[in-house]
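Asker: Input my_file.pdb, format and content: PDB, C-alpha atoms.
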ATOM      1  CA  MET L 152      14.668  -6.035 -15.516  1.00  0.00           C
ATOM      2  CA  SER L 153      14.165  -9.651 -16.385  1.00  0.00           C
ATOM      3  CA  ALA L 154      10.833 -11.116 -17.342  1.00  0.00           C
ATOM      4  CA  SER L 155       9.278 -13.947 -15.414  1.00  0.00           C
ATOM      5  CA  PRO L 156       5.754 -15.302 -15.008  1.00  0.00           C
ATOM      6  CA  THR L 157       5.363 -13.131 -11.894  1.00  0.00           C
ATOM      7  CA  ARG L 158       7.361 -10.084 -13.063  1.00  0.00           C
ATOM      8  CA  PRO L 159       6.439  -8.826 -16.520  1.00  0.00           C
ATOM      9  CA  THR L 160       8.793  -6.712 -18.585  1.00  0.00           C
ATOM     10  CA  CYS L 161       8.278  -2.957 -18.879  1.00  0.00           C
ATOM     11  CA  ALA L 162       7.245  -3.433 -22.491  1.00  0.00           C
ATOM     12  CA  ARG L 163       4.606  -5.989 -21.524  1.00  0.00           C
ATOM     13  CA  ARG L 164       3.309  -3.657 -18.792  1.00  0.00           C
ATOM     14  CA  GLY L 165       3.215  -0.804 -21.290  1.00  0.00           C
ATOM     15  CA  ARG L 166       1.251  -2.846 -23.783  1.00  0.00           C
ATOM     16  CA  SER L 167      -1.229  -3.875 -21.103  1.00  0.00           C
ATOM     17  CA  LEU L 168      -1.708  -0.230 -20.054  1.00  0.00           C
ATOM     18  CA  ALA L 169      -2.015   1.136 -23.595  1.00  0.00           C
ATOM     19  CA  PRO L 170      -5.804   0.642 -23.936  1.00  0.00           C
ATOM     20  CA  LYS L 171      -6.455   2.423 -20.623  1.00  0.00           C
ATOM     21  CA  LEU L 172      -4.069   5.246 -21.516  1.00  0.00           C
ATOM     22  CA  LEU L 173      -5.831   5.736 -24.839  1.00  0.00           C
ATOM     23  CA  GLU L 174      -9.191   5.694 -23.053  1.00  0.00           C
ATOM     24  CA  ALA L 175      -7.929   8.304 -20.568  1.00  0.00           C
ATOM     25  CA  ARG L 176      -6.627  10.495 -23.404  1.00  0.00           C
ATOM     26  CA  ALA L 177     -10.004  10.314 -25.167  1.00  0.00           C
ATOM     27  CA  CYS L 178     -11.731  11.369 -21.937  1.00  0.00           C
ATOM     28  CA  ARG L 179      -9.256  14.232 -21.492  1.00  0.00           C
ATOM     29  CA  LEU L 180      -9.806  15.480 -25.021  1.00  0.00           C
ATOM     30  CA  ALA L 181     -13.576  15.361 -24.494  1.00  0.00           C
ATOM     31  CA  ASP L 182     -13.530  17.138 -21.107  1.00  0.00           C
ATOM     32  CA  GLU L 183     -10.835  19.626 -20.098  1.00  0.00           C
ATOM     33  CA  ARG L 184     -11.750  19.193 -16.428  1.00  0.00           C
ATOM     34  CA  ILE L 185      -9.916  15.848 -16.493  1.00  0.00           C
ATOM     35  CA  HIS L 186      -6.274  15.959 -15.407  1.00  0.00           C
ATOM     36  CA  GLU L 187      -3.625  13.272 -15.079  1.00  0.00           C
ATOM     37  CA  VAL L 188      -2.018  12.998 -11.663  1.00  0.00           C
ATOM     38  CA  HIS L 189       0.981  10.865 -10.716  1.00  0.00           C
ATOM     39  CA  PRO L 190       0.914   9.972  -6.998  1.00  0.00           C
ATOM     40  CA  GLU L 191       4.702   9.826  -6.599  1.00  0.00           C
ATOM     41  CA  VAL L 192       5.040  13.344  -8.013  1.00  0.00           C
ATOM     42  CA  SER L 193       2.357  14.440  -5.533  1.00  0.00           C
ATOM     43  CA  PHE L 194       4.166  12.740  -2.645  1.00  0.00           C
ATOM     44  CA  ARG L 195       7.416  14.392  -3.669  1.00  0.00           C
ATOM     45  CA  ALA L 196       5.659  17.763  -3.687  1.00  0.00           C
ATOM     46  CA  LEU L 197       4.209  16.991  -0.248  1.00  0.00           C
ATOM     47  CA  ALA L 198       7.782  16.292   0.912  1.00  0.00           C
ATOM     48  CA  ASP L 199       8.956  19.760  -0.225  1.00  0.00           C
ATOM     49  CA  GLY L 200      10.533  18.390  -3.395  1.00  0.00           C
ATOM     50  CA  VAL L 201      12.575  15.691  -1.676  1.00  0.00           C
ATOM     51  CA  PRO L 202      12.277  12.197  -3.208  1.00  0.00           C
ATOM     52  CA  LEU L 203      10.971   9.661  -0.722  1.00  0.00           C
ATOM     53  CA  PRO L 204      13.681   7.145   0.165  1.00  0.00           C
ATOM     54  CA  TYR L 205      11.385   4.151   0.654  1.00  0.00           C
ATOM     55  CA  ALA L 206       9.115   2.444  -1.863  1.00  0.00           C
ATOM     56  CA  THR L 207       5.351   2.706  -1.436  1.00  0.00           C
ATOM     57  CA  LYS L 208       4.970  -0.999  -0.745  1.00  0.00           C
ATOM     58  CA  THR L 209       7.390  -0.973   2.203  1.00  0.00           C
ATOM     59  CA  TRP L 210       6.374  -0.371   5.823  1.00  0.00           C
ATOM     60  CA  ARG L 211       8.489   2.785   6.091  1.00  0.00           C
ATOM     61  CA  GLY L 212       7.369   4.018   2.701  1.00  0.00           C
ATOM     62  CA  GLN L 213       3.705   3.623   3.595  1.00  0.00           C
ATOM     63  CA  ASN L 214       4.177   5.315   6.962  1.00  0.00           C
ATOM     64  CA  ALA L 215       6.069   8.227   5.398  1.00  0.00           C
ATOM     65  CA  ARG L 216       3.318   8.754   2.821  1.00  0.00           C
ATOM     66  CA  ARG L 217       0.569   8.531   5.440  1.00  0.00           C
ATOM     67  CA  HIS L 218       2.370  11.132   7.587  1.00  0.00           C
ATOM     68  CA  LEU L 219       2.819  13.460   4.598  1.00  0.00           C
ATOM     69  CA  LEU L 220      -0.887  13.213   3.801  1.00  0.00           C
ATOM     70  CA  ALA L 221      -1.822  13.856   7.446  1.00  0.00           C
ATOM     71  CA  ALA L 222       0.432  16.920   7.549  1.00  0.00           C
ATOM     72  CA  ALA L 223      -1.481  18.218   4.500  1.00  0.00           C
ATOM     73  CA  GLY L 224      -4.805  17.670   6.273  1.00  0.00           C
ATOM     74  CA  LEU L 225      -5.703  14.263   4.805  1.00  0.00           C
ATOM     75  CA  THR L 226      -5.896  11.931   7.783  1.00  0.00           C
ATOM     76  CA  LEU L 227      -6.699   8.408   6.656  1.00  0.00           C
ATOM     77  CA  PRO L 228      -8.758   6.301   9.072  1.00  0.00           C
ATOM     78  CA  ASP L 229      -7.346   3.091  10.519  1.00  0.00           C
ATOM     79  CA  GLU L 230     -10.392   1.182   9.261  1.00  0.00           C
ATOM     80  CA  LEU L 231     -11.918   1.596   5.807  1.00  0.00           C
ATOM     81  CA  GLY L 232     -14.998  -0.606   6.204  1.00  0.00           C
ATOM     82  CA  GLU L 233     -15.802  -2.376   2.947  1.00  0.00           C
ATOM     83  CA  ALA L 234     -12.600  -0.971   1.429  1.00  0.00           C
ATOM     84  CA  ASP L 235     -10.364  -2.701   4.004  1.00  0.00           C
ATOM     85  CA  GLY L 236      -9.339  -5.239   1.357  1.00  0.00           C
ATOM     86  CA  ILE L 237      -7.878  -2.600  -0.978  1.00  0.00           C
ATOM     87  CA  PRO L 238      -4.050  -2.667  -1.066  1.00  0.00           C
ATOM     88  CA  VAL L 239      -2.553   0.053   1.139  1.00  0.00           C
ATOM     89  CA  ASP L 240      -0.471   1.560  -1.657  1.00  0.00           C
ATOM     90  CA  ASP L 241      -3.632   2.018  -3.745  1.00  0.00           C
ATOM     91  CA  VAL L 242      -5.359   3.824  -0.867  1.00  0.00           C
ATOM     92  CA  LEU L 243      -2.332   6.089  -0.378  1.00  0.00           C
ATOM     93  CA  ASP L 244      -2.111   6.819  -4.109  1.00  0.00           C
ATOM     94  CA  ALA L 245      -5.841   7.647  -4.225  1.00  0.00           C
ATOM     95  CA  ALA L 246      -5.423  10.055  -1.298  1.00  0.00           C
ATOM     96  CA  ALA L 247      -2.465  11.746  -3.026  1.00  0.00           C
ATOM     97  CA  ALA L 248      -4.542  12.057  -6.206  1.00  0.00           C
ATOM     98  CA  ALA L 249      -7.383  13.597  -4.171  1.00  0.00           C
ATOM     99  CA  TRP L 250      -4.914  16.084  -2.655  1.00  0.00           C
ATOM    100  CA  SER L 251      -3.695  17.002  -6.143  1.00  0.00           C
ATOM    101  CA  ALA L 252      -7.267  17.298  -7.452  1.00  0.00           C
ATOM    102  CA  HIS L 253      -8.032  19.729  -4.640  1.00  0.00           C
ATOM    103  CA  ARG L 254      -4.967  21.808  -5.548  1.00  0.00           C
ATOM    104  CA  ILE L 255      -5.995  21.803  -9.223  1.00  0.00           C
ATOM    105  CA  ALA L 256      -9.516  22.945  -8.276  1.00  0.00           C
ATOM    106  CA  LEU L 257      -8.041  25.786  -6.192  1.00  0.00           C
ATOM    107  CA  GLY L 258      -5.859  26.822  -9.137  1.00  0.00           C
ATOM    108  CA  VAL L 259      -2.601  26.445  -7.179  1.00  0.00           C
ATOM    109  CA  ALA L 260      -1.236  23.219  -8.669  1.00  0.00           C
ATOM    110  CA  GLY L 261       1.756  23.166 -10.999  1.00  0.00           C
ATOM    111  CA  ARG L 262       2.092  20.972 -14.030  1.00  0.00           C
ATOM    112  CA  ILE L 263       4.734  19.003 -15.873  1.00  0.00           C
ATOM    113  CA  PRO L 264       5.428  20.140 -18.528  1.00  0.00           C
ATOM    114  CA  GLU L 265       4.594  23.720 -17.596  1.00  0.00           C
ATOM    115  CA  VAL L 266       3.406  24.437 -21.143  1.00  0.00           C
ATOM    116  CA  PRO L 267       1.465  21.562 -22.728  1.00  0.00           C
ATOM    117  CA  GLU L 268       3.112  19.786 -25.584  1.00  0.00           C
ATOM    118  CA  VAL L 269       1.221  19.554 -28.837  1.00  0.00           C
ATOM    119  CA  MET L 270       1.453  16.271 -30.687  1.00  0.00           C
ATOM    120  CA  TRP L 271       0.427  15.554 -34.249  1.00  0.00           C
ATOM    121  CA  ARG L 272      -0.617  12.062 -35.100  1.00  0.00           C
ATOM    122  CA  THR L 273      -1.241  10.873 -38.608  1.00  0.00           C
ATOM    123  CA  GLY L 274      -2.519   7.583 -39.826  1.00  0.00           C
ATOM    124  CA  THR L 275      -2.931   6.061 -43.222  1.00  0.00           C
ATOM    125  CA  ASP L 276      -6.715   6.023 -42.915  1.00  0.00           C
ATOM    126  CA  ALA L 277      -7.195   9.167 -40.787  1.00  0.00           C
ATOM    127  CA  PRO L 278      -6.419  12.860 -41.131  1.00  0.00           C
ATOM    128  CA  SER L 279      -3.849  14.542 -38.900  1.00  0.00           C
ATOM    129  CA  ILE L 280      -5.040  14.884 -35.335  1.00  0.00           C
ATOM    130  CA  ARG L 281      -3.772  17.652 -33.036  1.00  0.00           C
ATOM    131  CA  SER L 282      -3.937  16.877 -29.336  1.00  0.00           C
ATOM    132  CA  GLU L 283      -2.515  18.294 -26.139  1.00  0.00           C
ATOM    133  CA  ALA L 284      -0.362  15.873 -24.219  1.00  0.00           C
ATOM    134  CA  VAL L 285      -1.736  15.140 -20.783  1.00  0.00           C
ATOM    135  CA  ALA L 286       0.289  16.886 -18.086  1.00  0.00           C
ATOM    136  CA  LEU L 287       1.131  15.805 -14.552  1.00  0.00           C
ATOM    137  CA  TRP L 288      -0.029  18.168 -11.816  1.00  0.00           C
ATOM    138  CA  PHE L 289       1.597  18.910  -8.454  1.00  0.00           C
ATOM    139  CA  ASP L 290       1.598  21.478  -5.662  1.00  0.00           C
ATOM    140  CA  SER L 291       3.476  24.445  -7.105  1.00  0.00           C
ATOM    141  CA  GLU L 292       3.721  26.224  -3.751  1.00  0.00           C
ATOM    142  CA  SER L 293       5.723  23.571  -1.940  1.00  0.00           C
ATOM    143  CA  ALA L 294       8.072  22.104  -4.509  1.00  0.00           C
ATOM    144  CA  GLU L 295       9.681  22.421  -7.874  1.00  0.00           C
ATOM    145  CA  VAL L 296       9.304  19.028  -9.485  1.00  0.00           C
ATOM    146  CA  GLY L 297      11.014  18.528 -12.818  1.00  0.00           C
ATOM    147  CA  PRO L 298      10.420  15.984 -15.523  1.00  0.00           C
ATOM    148  CA  ARG L 299      13.205  13.785 -14.148  1.00  0.00           C
ATOM    149  CA  ALA L 300      11.063  13.269 -11.051  1.00  0.00           C
ATOM    150  CA  VAL L 301       8.447  11.425 -13.080  1.00  0.00           C
ATOM    151  CA  HIS L 302       8.811   7.674 -12.836  1.00  0.00           C
ATOM    152  CA  THR L 303       6.017   5.511 -14.195  1.00  0.00           C
ATOM    153  CA  GLY L 304       7.638   2.111 -13.811  1.00  0.00           C
TER
END
What would the structure in this file look like if it were written as structure tokens?
Answerer:
Amino acid sequence: MSASPTRPTCARRGRSLAPKLLEARACRLADERIHEVHPEVSFRALADGVPLPYATKTWRGQNARRHLLAAAGLTLPDELGEADGIPVDDVLDAAAAAWSAHRIALGVAGRIPEVPEVMWRTGTDAPSIRSEAVALWFDSESAEVGPRAVHTG
């Protein structure tokens, strides 16, 4: 991928996300009720483990995701009132995250990795810190989603 003023590199995107990821990790370590959800993993689970052929920002991709959500009982209204200005892909991703949160609350969601990884971090001015890596959650009844299904780019 080439960098341009309108298309940042993956590394630049990663650096810009780092503070939010660290903030999310701190929240997760402070409250085990917090879970990380990746919308595309949720959509793949909604599609019985089949990767969706169209990107979220395309007409067909948005329609496919909206139909998958509706089939799962999440019918999105045609009008969102004050939220009408929110990009469609963000609304769809939020709905998929809500679906996953519901599955987590019911105790029927799966996770990637199945067993949490333990990471040790040491610093020159801090003692070793043990933390559980945040896992991605999905619907374990409808699909087997492996780590290769996770795409964060």
Asker: Translate the PyMOL selection byres ((chain L and resi 227-241) around 10) into a concrete residue list for this structure, as a compact mmCIF listing (two decimals) with C-alpha atoms, in the frame of the given file.
Answerer:
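After the write, expr_2.txt holds the following:
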# COMPACT_ATOMS: atom_id res chain seq x y z
CA PRO L 190 0.91 9.97 -7.00
CA ALA L 206 9.12 2.44 -1.86
CA THR L 207 5.35 2.71 -1.44
CA LYS L 208 4.97 -1.00 -0.74
CA THR L 209 7.39 -0.97 2.20
CA GLY L 212 7.37 4.02 2.70
CA GLN L 213 3.70 3.62 3.60
CA ARG L 216 3.32 8.75 2.82
CA ARG L 217 0.57 8.53 5.44
CA HIS L 218 2.37 11.13 7.59
CA LEU L 220 -0.89 13.21 3.80
CA ALA L 221 -1.82 13.86 7.45
CA GLY L 224 -4.80 17.67 6.27
CA LEU L 225 -5.70 14.26 4.80
CA THR L 226 -5.90 11.93 7.78
CA VAL L 242 -5.36 3.82 -0.87
CA LEU L 243 -2.33 6.09 -0.38
CA ASP L 244 -2.11 6.82 -4.11
CA ALA L 245 -5.84 7.65 -4.22
CA ALA L 246 -5.42 10.06 -1.30
CA ALA L 247 -2.46 11.75 -3.03
Asker: Which distance in Å separates CA of Leu219 in chain L and CA of Ala198 in chain L, to one decimal?
Answerer: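 Calculated distance between CA of Leu219 in chain L and CA of Ala198 in chain L is 6.8 Å.
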Asker: So the first atom is CA of Phe194 in chain L and the second is CA of Ala169 in chain L; what is the distance between them in Å, to one decimal place?
Answerer: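 The value is 24.7 Å.
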Asker: Is there a way to get, as a PDB file with C-alpha atoms, in the frame of the given file, all residues within 8 Å of the point (-1.1, 13.5, -10.4) in file coordinates, counting all atoms listed in the file?
Answerer:
ATOM      1  CA  HIS L 186      -6.274  15.959 -15.407  1.00  0.00           C
ATOM      2  CA  GLU L 187      -3.625  13.272 -15.079  1.00  0.00           C
ATOM      3  CA  VAL L 188      -2.018  12.998 -11.663  1.00  0.00           C
ATOM      4  CA  HIS L 189       0.981  10.865 -10.716  1.00  0.00           C
ATOM      5  CA  PRO L 190       0.914   9.972  -6.998  1.00  0.00           C
ATOM      6  CA  GLU L 191       4.702   9.826  -6.599  1.00  0.00           C
ATOM      7  CA  VAL L 192       5.040  13.344  -8.013  1.00  0.00           C
ATOM      8  CA  SER L 193       2.357  14.440  -5.533  1.00  0.00           C
ATOM      9  CA  ALA L 247      -2.465  11.746  -3.026  1.00  0.00           C
ATOM     10  CA  ALA L 248      -4.542  12.057  -6.206  1.00  0.00           C
ATOM     11  CA  SER L 251      -3.695  17.002  -6.143  1.00  0.00           C
ATOM     12  CA  ALA L 252      -7.267  17.298  -7.452  1.00  0.00           C
ATOM     13  CA  LEU L 287       1.131  15.805 -14.552  1.00  0.00           C
ATOM     14  CA  TRP L 288      -0.029  18.168 -11.816  1.00  0.00           C
ATOM     15  CA  PHE L 289       1.597  18.910  -8.454  1.00  0.00           C
TER      16      PHE L 289
END
Asker: How far is it from CA of Leu173 in chain L to CA of Val266 in chain L, in Å with one decimal?
Answerer: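 Value for the CA of Leu173 in chain L-CA of Val266 in chain L distance: 21.2 Å.
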Asker: First collect every listed atom of range 214-217 of chain L; then fit an axis-aligned box around them, widen it by 8 Å on each side, and give centre and edge lengths in Å to one decimal, as AutoDock Vina command-line options.
Answerer:
--center_x 3.3 --center_y 7.0 --center_z 4.9 --size_x 21.5 --size_y 19.4 --size_z 20.1
